[in-house]
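Working notes for the structure below.
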Amino acid sequence: MNTSKKLVVIPADSPTQIEGSPHLDILKKHAEVELYSDFPSTQAEKMRRVENADVLINSRSSLHWSGEEFSSLPKLKMMSTCSVGVDGLDLDGAKKAGVIICNQPGSNAPFVSEHAIALMLGVAKRTSSYTAQLKAGIWSYVNGVFLKGKTLGIIGTGNIGKQTAEMAKALGMNVIAWTYNPNLEWSKSTGINYVDLDELLQTSDVVSLHTRLSPDTEGFIGEKEINSMKPGAILINVGRGALIDTSAMVSALHSGQLGGAGLDVFDVEPITKDHPILECDNVVLTPHTADVVPEGVDVLNAGAVKNVLAFLEGKPINIVNP
């Protein structure tokens, strides 16, 4: 592979994702690699880091890229993400600039689906609220939720949604689903039925979001949808924060219309100290870390490097903006 002159830049590996990875060592045998372990403090610094790059590895989805930025990098031909989601990237703008974007469809599904179940269990058993009370010297009881026999509504049956549904079914839950493109073969093999969205919202004890963020799904769960849910239902989100109208969710948590929420993603990341969700009772919150386990990090690093090596060989894979 004659690629020694290609420059691969990792412009912001913060928090650490790929630095020190054995997969990065493999890449260094085939290309020049520059890694920046801190987040750029200015836009000018961000662009300076990548101005000579042939390839970028976007190791953290918090670093967004616009079409204007892609067009200002004439040497850049490819970006590989350490992620499945690409909502922080202007795909059309990249395409116009001649830059292909390669992601990792399905690679983090086992880790994120397990995390979704953990959030659901945490909210149902009030683990976060009880922990805060005990630290404050308060010993009290509030009814939790026994999940076996309850109904979980899965919104979005991609890889993560499907695996979450199957895990919940193993817990003894009744699982139903809604998605834009139903997978009838999967439904038949698992016995998990698709229903219309209104029925899912009205009958589910827990609603879990797994659809991708797009103009069609931004604010997908708003005041109308929350008010149509069962009083006291639990809301889980491991998709993207903008899928939910935060103000409507917070109001519903305070009023009791929602019995709790488990969130790995937020409308603004990182959330600020005065974010309204922090004032809500019975919420379990994690900082967009659903796949941050050693096995998950390794899988994503391997996939990112595999995409780059395939591109350098002239056989790109996993292109999301062909």
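A note on labels: chains of the structure tokens are A, B, ... as shown, every chain counts residues from 1, and ligands are counted from 1 in their shown order.
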Practice task
Could you give me, as a VMD selection string, the residues within 12 Å of range 182-189 of chain A, counting only C-alpha atoms and dropping anything in the same chain fewer than 6 positions from it?
Solution key: chain A and resid 154 to 159 161 to 163 165 to 166 175 to 176 195 to 196
Export N, CA, C and O atoms of the chosen residues as an mmCIF file, in the first residue's frame?
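The resulting file, out_12.cif, is shown below:
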```cif
data_model
loop_
_atom_site.group_PDB
_atom_site.id
_atom_site.type_symbol
_atom_site.label_atom_id
_atom_site.label_comp_id
_atom_site.auth_asym_id
_atom_site.auth_seq_id
_atom_site.Cartn_x
_atom_site.Cartn_y
_atom_site.Cartn_z
ATOM 1 N N ILE A 154 -40.737 0.963 21.505
ATOM 2 C CA ILE A 154 -39.485 1.308 20.849
ATOM 3 C C ILE A 154 -39.783 2.179 19.633
ATOM 4 O O ILE A 154 -40.536 1.782 18.742
ATOM 5 N N ILE A 155 -39.200 3.376 19.599
ATOM 6 C CA ILE A 155 -39.346 4.259 18.445
ATOM 7 C C ILE A 155 -38.039 4.231 17.658
ATOM 8 O O ILE A 155 -37.019 4.738 18.112
ATOM 9 N N GLY A 156 -38.093 3.576 16.497
ATOM 10 C CA GLY A 156 -36.898 3.410 15.671
ATOM 11 C C GLY A 156 -36.314 2.026 15.849
ATOM 12 O O GLY A 156 -35.806 1.709 16.920
ATOM 13 N N THR A 157 -36.377 1.207 14.805
ATOM 14 C CA THR A 157 -35.865 -0.163 14.913
ATOM 15 C C THR A 157 -34.687 -0.390 13.978
ATOM 16 O O THR A 157 -34.677 -1.319 13.164
ATOM 17 N N GLY A 158 -33.700 0.477 14.111
ATOM 18 C CA GLY A 158 -32.398 0.188 13.532
ATOM 19 C C GLY A 158 -31.693 -0.821 14.415
ATOM 20 O O GLY A 158 -32.318 -1.492 15.256
ATOM 21 N N ASN A 159 -30.396 -0.927 14.279
ATOM 22 C CA ASN A 159 -29.649 -1.930 15.034
ATOM 23 C C ASN A 159 -29.812 -1.768 16.547
ATOM 24 O O ASN A 159 -30.024 -2.739 17.273
ATOM 25 N N GLY A 161 -32.215 -0.017 18.252
ATOM 26 C CA GLY A 161 -33.601 -0.213 18.660
ATOM 27 C C GLY A 161 -33.986 -1.675 18.724
ATOM 28 O O GLY A 161 -34.646 -2.125 19.669
ATOM 29 N N LYS A 162 -33.552 -2.439 17.733
ATOM 30 C CA LYS A 162 -33.881 -3.870 17.713
ATOM 31 C C LYS A 162 -33.246 -4.609 18.883
ATOM 32 O O LYS A 162 -33.897 -5.428 19.541
ATOM 33 N N GLN A 163 -31.978 -4.321 19.159
ATOM 34 C CA GLN A 163 -31.318 -5.028 20.254
ATOM 35 C C GLN A 163 -31.892 -4.619 21.610
ATOM 36 O O GLN A 163 -32.014 -5.449 22.514
ATOM 37 N N ALA A 165 -34.997 -3.741 22.124
ATOM 38 C CA ALA A 165 -36.283 -4.428 22.177
ATOM 39 C C ALA A 165 -36.117 -5.880 22.595
ATOM 40 O O ALA A 165 -36.871 -6.393 23.440
ATOM 41 N N GLU A 166 -35.119 -6.552 22.039
ATOM 42 C CA GLU A 166 -34.915 -7.967 22.346
ATOM 43 C C GLU A 166 -34.435 -8.156 23.783
ATOM 44 O O GLU A 166 -34.822 -9.116 24.454
ATOM 45 N N VAL A 175 -43.179 -5.867 24.308
ATOM 46 C CA VAL A 175 -42.505 -4.856 23.495
ATOM 47 C C VAL A 175 -43.282 -4.625 22.211
ATOM 48 O O VAL A 175 -43.651 -5.565 21.510
ATOM 49 N N ILE A 176 -43.512 -3.341 21.916
ATOM 50 C CA ILE A 176 -44.108 -2.935 20.649
ATOM 51 C C ILE A 176 -43.181 -1.910 20.010
ATOM 52 O O ILE A 176 -42.278 -1.380 20.667
ATOM 53 N N VAL A 195 -46.839 -1.034 15.655
ATOM 54 C CA VAL A 195 -48.132 -0.378 15.837
ATOM 55 C C VAL A 195 -47.983 1.059 15.351
ATOM 56 O O VAL A 195 -46.873 1.534 15.089
ATOM 57 N N ASP A 196 -49.102 1.779 15.227
ATOM 58 C CA ASP A 196 -48.957 3.184 14.844
ATOM 59 C C ASP A 196 -48.473 3.979 16.047
ATOM 60 O O ASP A 196 -48.534 3.531 17.195
#
```
Helix (DSSP H, G or I) call set, DSSP backbone run, range 17-130 of chain A, as an MDAnalysis selection string: chainID A and resid 22:28 43:50 67:71 91:96 109:124 127:130
Query - Surrounding residues of Val292 in chain A excluding itself and chain neighbours under 4 positions, 12 Å, only C-alpha atoms, as JSON, numbers by chain - result: {"A": [15, 16, 17, 18, 60, 82, 83, 108, 109, 110, 111, 112, 114, 115, 264, 286, 287, 288, 296, 297, 298, 299, 300, 301]}
Store the residues picked out above in a file with N, CA, C and O atoms, as a CSV table (one decimal), in the first residue's frame.
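Result went into out.csv, see below:
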```csv
chain,number,residue,atom,x,y,z
A,15,PRO,N,-12.8,14.2,24.9
A,15,PRO,CA,-12.0,13.3,25.7
A,15,PRO,C,-11.3,12.2,24.9
A,15,PRO,O,-11.8,11.9,23.7
A,16,THR,N,-10.3,11.5,25.4
A,16,THR,CA,-9.5,10.6,24.6
A,16,THR,C,-10.4,9.5,24.1
A,16,THR,O,-11.2,8.8,24.8
A,17,GLN,N,-10.3,9.3,22.8
A,17,GLN,CA,-11.0,8.2,22.1
A,17,GLN,C,-10.0,7.2,21.4
A,17,GLN,O,-10.0,6.0,21.7
A,18,ILE,N,-9.1,7.7,20.6
A,18,ILE,CA,-8.3,6.9,19.7
A,18,ILE,C,-6.8,6.9,20.1
A,18,ILE,O,-6.1,6.1,19.7
A,60,ARG,N,-14.6,12.5,17.9
A,60,ARG,CA,-15.6,12.9,18.8
A,60,ARG,C,-16.7,13.7,18.0
A,60,ARG,O,-16.4,14.6,17.3
A,82,CYS,N,-15.5,8.0,14.3
A,82,CYS,CA,-15.5,7.0,15.4
A,82,CYS,C,-16.9,6.9,15.9
A,82,CYS,O,-17.2,7.0,17.1
A,83,SER,N,-17.9,6.8,15.0
A,83,SER,CA,-19.3,6.8,15.5
A,83,SER,C,-20.2,6.2,14.4
A,83,SER,O,-19.8,6.0,13.3
A,108,ASN,N,-21.9,0.0,17.2
A,108,ASN,CA,-22.0,0.3,18.7
A,108,ASN,C,-23.3,-0.2,19.3
A,108,ASN,O,-23.6,0.0,20.4
A,109,ALA,N,-24.1,-0.9,18.5
A,109,ALA,CA,-25.5,-1.3,18.9
A,109,ALA,C,-25.5,-2.1,20.2
A,109,ALA,O,-26.3,-1.9,21.1
A,110,PRO,N,-24.6,-3.1,20.4
A,110,PRO,CA,-24.7,-3.9,21.7
A,110,PRO,C,-24.4,-3.0,22.9
A,110,PRO,O,-25.1,-3.2,24.0
A,111,PHE,N,-23.6,-2.0,22.8
A,111,PHE,CA,-23.2,-1.2,23.9
A,111,PHE,C,-24.3,-0.2,24.3
A,111,PHE,O,-24.7,0.0,25.4
A,112,VAL,N,-24.8,0.4,23.2
A,112,VAL,CA,-25.9,1.5,23.4
A,112,VAL,C,-27.2,0.8,23.9
A,112,VAL,O,-27.9,1.4,24.8
A,114,GLU,N,-27.5,-1.9,25.6
A,114,GLU,CA,-27.4,-2.3,27.0
A,114,GLU,C,-27.5,-1.1,27.9
A,114,GLU,O,-28.1,-1.1,29.0
A,115,HIS,N,-27.0,0.1,27.5
A,115,HIS,CA,-27.1,1.3,28.2
A,115,HIS,C,-28.5,1.8,28.3
A,115,HIS,O,-28.9,2.3,29.4
A,264,ASP,N,-29.2,9.9,27.8
A,264,ASP,CA,-27.7,9.9,27.6
A,264,ASP,C,-27.4,11.1,26.6
A,264,ASP,O,-26.2,11.3,26.4
A,286,THR,N,-26.6,10.5,31.9
A,286,THR,CA,-25.2,10.2,31.6
A,286,THR,C,-24.7,11.0,30.4
A,286,THR,O,-25.5,11.4,29.6
A,287,PRO,N,-23.5,11.4,30.4
A,287,PRO,CA,-23.0,12.4,29.4
A,287,PRO,C,-22.6,11.9,28.1
A,287,PRO,O,-21.4,11.9,27.6
A,288,HIS,N,-23.6,11.4,27.3
A,288,HIS,CA,-23.4,10.9,26.0
A,288,HIS,C,-22.3,9.8,26.0
A,288,HIS,O,-21.4,9.9,25.2
A,296,GLY,N,-16.5,-1.1,23.6
A,296,GLY,CA,-17.1,-0.2,22.6
A,296,GLY,C,-16.1,0.7,22.0
A,296,GLY,O,-16.1,1.0,20.8
A,297,VAL,N,-15.2,1.3,22.8
A,297,VAL,CA,-14.2,2.2,22.3
A,297,VAL,C,-13.3,1.5,21.3
A,297,VAL,O,-13.0,2.0,20.2
A,298,ASP,N,-12.9,0.3,21.6
A,298,ASP,CA,-12.1,-0.5,20.7
A,298,ASP,C,-12.8,-0.8,19.4
A,298,ASP,O,-12.1,-0.7,18.3
A,299,VAL,N,-14.0,-1.2,19.4
A,299,VAL,CA,-14.8,-1.4,18.2
A,299,VAL,C,-14.8,-0.2,17.3
A,299,VAL,O,-14.6,-0.3,16.1
A,300,LEU,N,-15.1,1.0,17.9
A,300,LEU,CA,-15.3,2.2,17.1
A,300,LEU,C,-13.9,2.6,16.5
A,300,LEU,O,-13.8,3.1,15.4
A,301,ASN,N,-12.8,2.5,17.3
A,301,ASN,CA,-11.5,2.8,16.8
A,301,ASN,C,-11.1,1.9,15.6
A,301,ASN,O,-10.6,2.3,14.6
```
Which residues are close to Ile26 in chain A, i.e. within 12 Å by only C-alpha atoms, leaving aside same-chain residues fewer than 3 positions away? Reply as a list in words. Gly20, Ser21, Pro22, His23, Lys29, His30, Ala31, Glu32, Val33, Asn301, Ala302, Ala304, Val305, Lys306, Val308 and Leu309 of chain A
Now that the selection is made, can you save its residues with N, CA and C atoms as a compact mmCIF listing (two decimals), in the first residue's frame?
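Listing of out24.txt after writing:
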```txt
# COMPACT_ATOMS: atom_id res chain seq x y z
N GLY A 20 -3.46 6.24 21.63
CA GLY A 20 -2.97 5.05 22.31
C GLY A 20 -3.58 3.76 21.82
N SER A 21 -4.50 3.84 20.86
CA SER A 21 -5.15 2.64 20.36
C SER A 21 -4.20 1.83 19.48
N PRO A 22 -4.18 0.51 19.61
CA PRO A 22 -3.35 -0.32 18.72
C PRO A 22 -3.79 -0.19 17.27
N HIS A 23 -5.05 0.15 17.03
CA HIS A 23 -5.51 0.33 15.66
C HIS A 23 -4.86 1.56 15.03
N LYS A 29 1.49 2.80 10.06
CA LYS A 29 2.37 2.06 9.15
C LYS A 29 2.08 2.40 7.69
N HIS A 30 0.92 3.00 7.45
CA HIS A 30 0.49 3.23 6.07
C HIS A 30 0.28 4.70 5.72
N ALA A 31 0.30 5.57 6.70
CA ALA A 31 0.08 6.99 6.44
C ALA A 31 0.71 7.82 7.55
N GLU A 32 0.94 9.08 7.25
CA GLU A 32 1.38 10.02 8.28
C GLU A 32 0.17 10.41 9.11
N VAL A 33 0.32 10.39 10.42
CA VAL A 33 -0.81 10.66 11.31
C VAL A 33 -0.45 11.81 12.25
N ASN A 301 -12.84 2.47 17.32
CA ASN A 301 -11.51 2.81 16.80
C ASN A 301 -11.11 1.90 15.65
N ALA A 302 -11.39 0.62 15.80
CA ALA A 302 -11.07 -0.34 14.74
C ALA A 302 -11.83 -0.01 13.46
N ALA A 304 -13.07 2.93 12.53
CA ALA A 304 -12.60 4.18 11.93
C ALA A 304 -11.34 3.95 11.11
N VAL A 305 -10.41 3.18 11.66
CA VAL A 305 -9.16 2.90 10.96
C VAL A 305 -9.42 2.01 9.74
N LYS A 306 -10.28 1.04 9.89
CA LYS A 306 -10.61 0.17 8.75
C LYS A 306 -11.16 0.98 7.59
N VAL A 308 -10.50 4.14 6.90
CA VAL A 308 -9.41 4.91 6.31
C VAL A 308 -8.53 4.02 5.43
N LEU A 309 -8.19 2.84 5.93
CA LEU A 309 -7.34 1.93 5.15
C LEU A 309 -8.03 1.52 3.85
```
List the neighbours of Val250 in chain A out to 7 Å using only C-alpha atoms; skip same-chain residues closer than 3 positions along the sequence, and give me the result as an mmCIF file with all heavy atoms, in the first residue's frame.
```
data_model
loop_
_atom_site.group_PDB
_atom_site.id
_atom_site.type_symbol
_atom_site.label_atom_id
_atom_site.label_comp_id
_atom_site.auth_asym_id
_atom_site.auth_seq_id
_atom_site.Cartn_x
_atom_site.Cartn_y
_atom_site.Cartn_z
ATOM 1 N N THR A 246 -37.218 19.731 25.015
ATOM 2 C CA THR A 246 -36.756 19.698 26.409
ATOM 3 C C THR A 246 -37.720 20.400 27.344
ATOM 4 O O THR A 246 -38.000 19.915 28.447
ATOM 5 C CB THR A 246 -35.354 20.334 26.513
ATOM 6 O OG1 THR A 246 -34.436 19.549 25.755
ATOM 7 C CG2 THR A 246 -34.884 20.385 27.953
ATOM 8 N N SER A 247 -38.251 21.548 26.943
ATOM 9 C CA SER A 247 -39.176 22.290 27.810
ATOM 10 C C SER A 247 -40.418 21.466 28.118
ATOM 11 O O SER A 247 -40.881 21.432 29.265
ATOM 12 C CB SER A 247 -39.583 23.616 27.147
ATOM 13 O OG SER A 247 -38.470 24.465 27.007
ATOM 14 N N LEU A 253 -42.170 16.253 33.650
ATOM 15 C CA LEU A 253 -41.516 15.639 34.811
ATOM 16 C C LEU A 253 -41.947 16.334 36.098
ATOM 17 O O LEU A 253 -42.202 15.683 37.116
ATOM 18 C CB LEU A 253 -39.997 15.694 34.647
ATOM 19 C CG LEU A 253 -39.397 14.719 33.632
ATOM 20 C CD1 LEU A 253 -37.959 15.100 33.299
ATOM 21 C CD2 LEU A 253 -39.453 13.282 34.154
ATOM 22 N N HIS A 254 -42.035 17.645 36.071
ATOM 23 C CA HIS A 254 -42.456 18.385 37.263
ATOM 24 C C HIS A 254 -43.923 18.119 37.604
ATOM 25 O O HIS A 254 -44.296 18.037 38.780
ATOM 26 C CB HIS A 254 -42.238 19.882 37.063
ATOM 27 C CG HIS A 254 -40.810 20.311 37.161
ATOM 28 N ND1 HIS A 254 -39.975 19.931 38.194
ATOM 29 C CD2 HIS A 254 -40.044 21.095 36.338
ATOM 30 C CE1 HIS A 254 -38.770 20.463 38.022
ATOM 31 N NE2 HIS A 254 -38.789 21.159 36.893
ATOM 32 N N PRO A 276 -32.323 23.011 32.921
ATOM 33 C CA PRO A 276 -33.544 22.699 33.681
ATOM 34 C C PRO A 276 -33.729 21.227 34.017
ATOM 35 O O PRO A 276 -34.411 20.905 34.986
ATOM 36 C CB PRO A 276 -34.670 23.211 32.773
ATOM 37 C CG PRO A 276 -34.063 23.343 31.415
ATOM 38 C CD PRO A 276 -32.631 23.679 31.642
ATOM 39 N N ILE A 277 -33.124 20.326 33.255
ATOM 40 C CA ILE A 277 -33.295 18.901 33.562
ATOM 41 C C ILE A 277 -32.680 18.547 34.904
ATOM 42 O O ILE A 277 -33.104 17.585 35.570
ATOM 43 C CB ILE A 277 -32.677 18.024 32.440
ATOM 44 C CG1 ILE A 277 -33.171 16.561 32.551
ATOM 45 C CG2 ILE A 277 -31.161 18.071 32.461
ATOM 46 C CD1 ILE A 277 -34.632 16.380 32.289
ATOM 47 N N CYS A 280 -35.034 18.317 37.943
ATOM 48 C CA CYS A 280 -36.116 17.326 37.900
ATOM 49 C C CYS A 280 -35.806 16.137 38.798
ATOM 50 O O CYS A 280 -34.652 15.706 38.918
ATOM 51 C CB CYS A 280 -36.339 16.834 36.473
ATOM 52 S SG CYS A 280 -36.888 18.128 35.341
#
```
- Task: Identify, on the basis of only C-alpha atoms, every residue whose closest approach to Glu269 in chain A does not exceed 12 Å; exclude the query and any residue fewer than 3 positions from it along the same chain; express the result as a PyMOL selection string.
- Result: chain A and resi 61-63+240-242+264-266+272-273+275+286-289
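Near Ser41 in chain A, within 12 Å and counting only C-alpha atoms, sit Pro11, Ala12, Tyr36, Glu45, Lys46, Met47, Arg48, Arg49 and Leu63 of chain A, not including residues fewer than 4 positions from it in the same chain.
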In terms of only C-alpha atoms, the residue from A:Asp87, A:Ala233, A:Thr127, A:Ile100 at minimal distance from Gly153 in chain A is A:Ala233
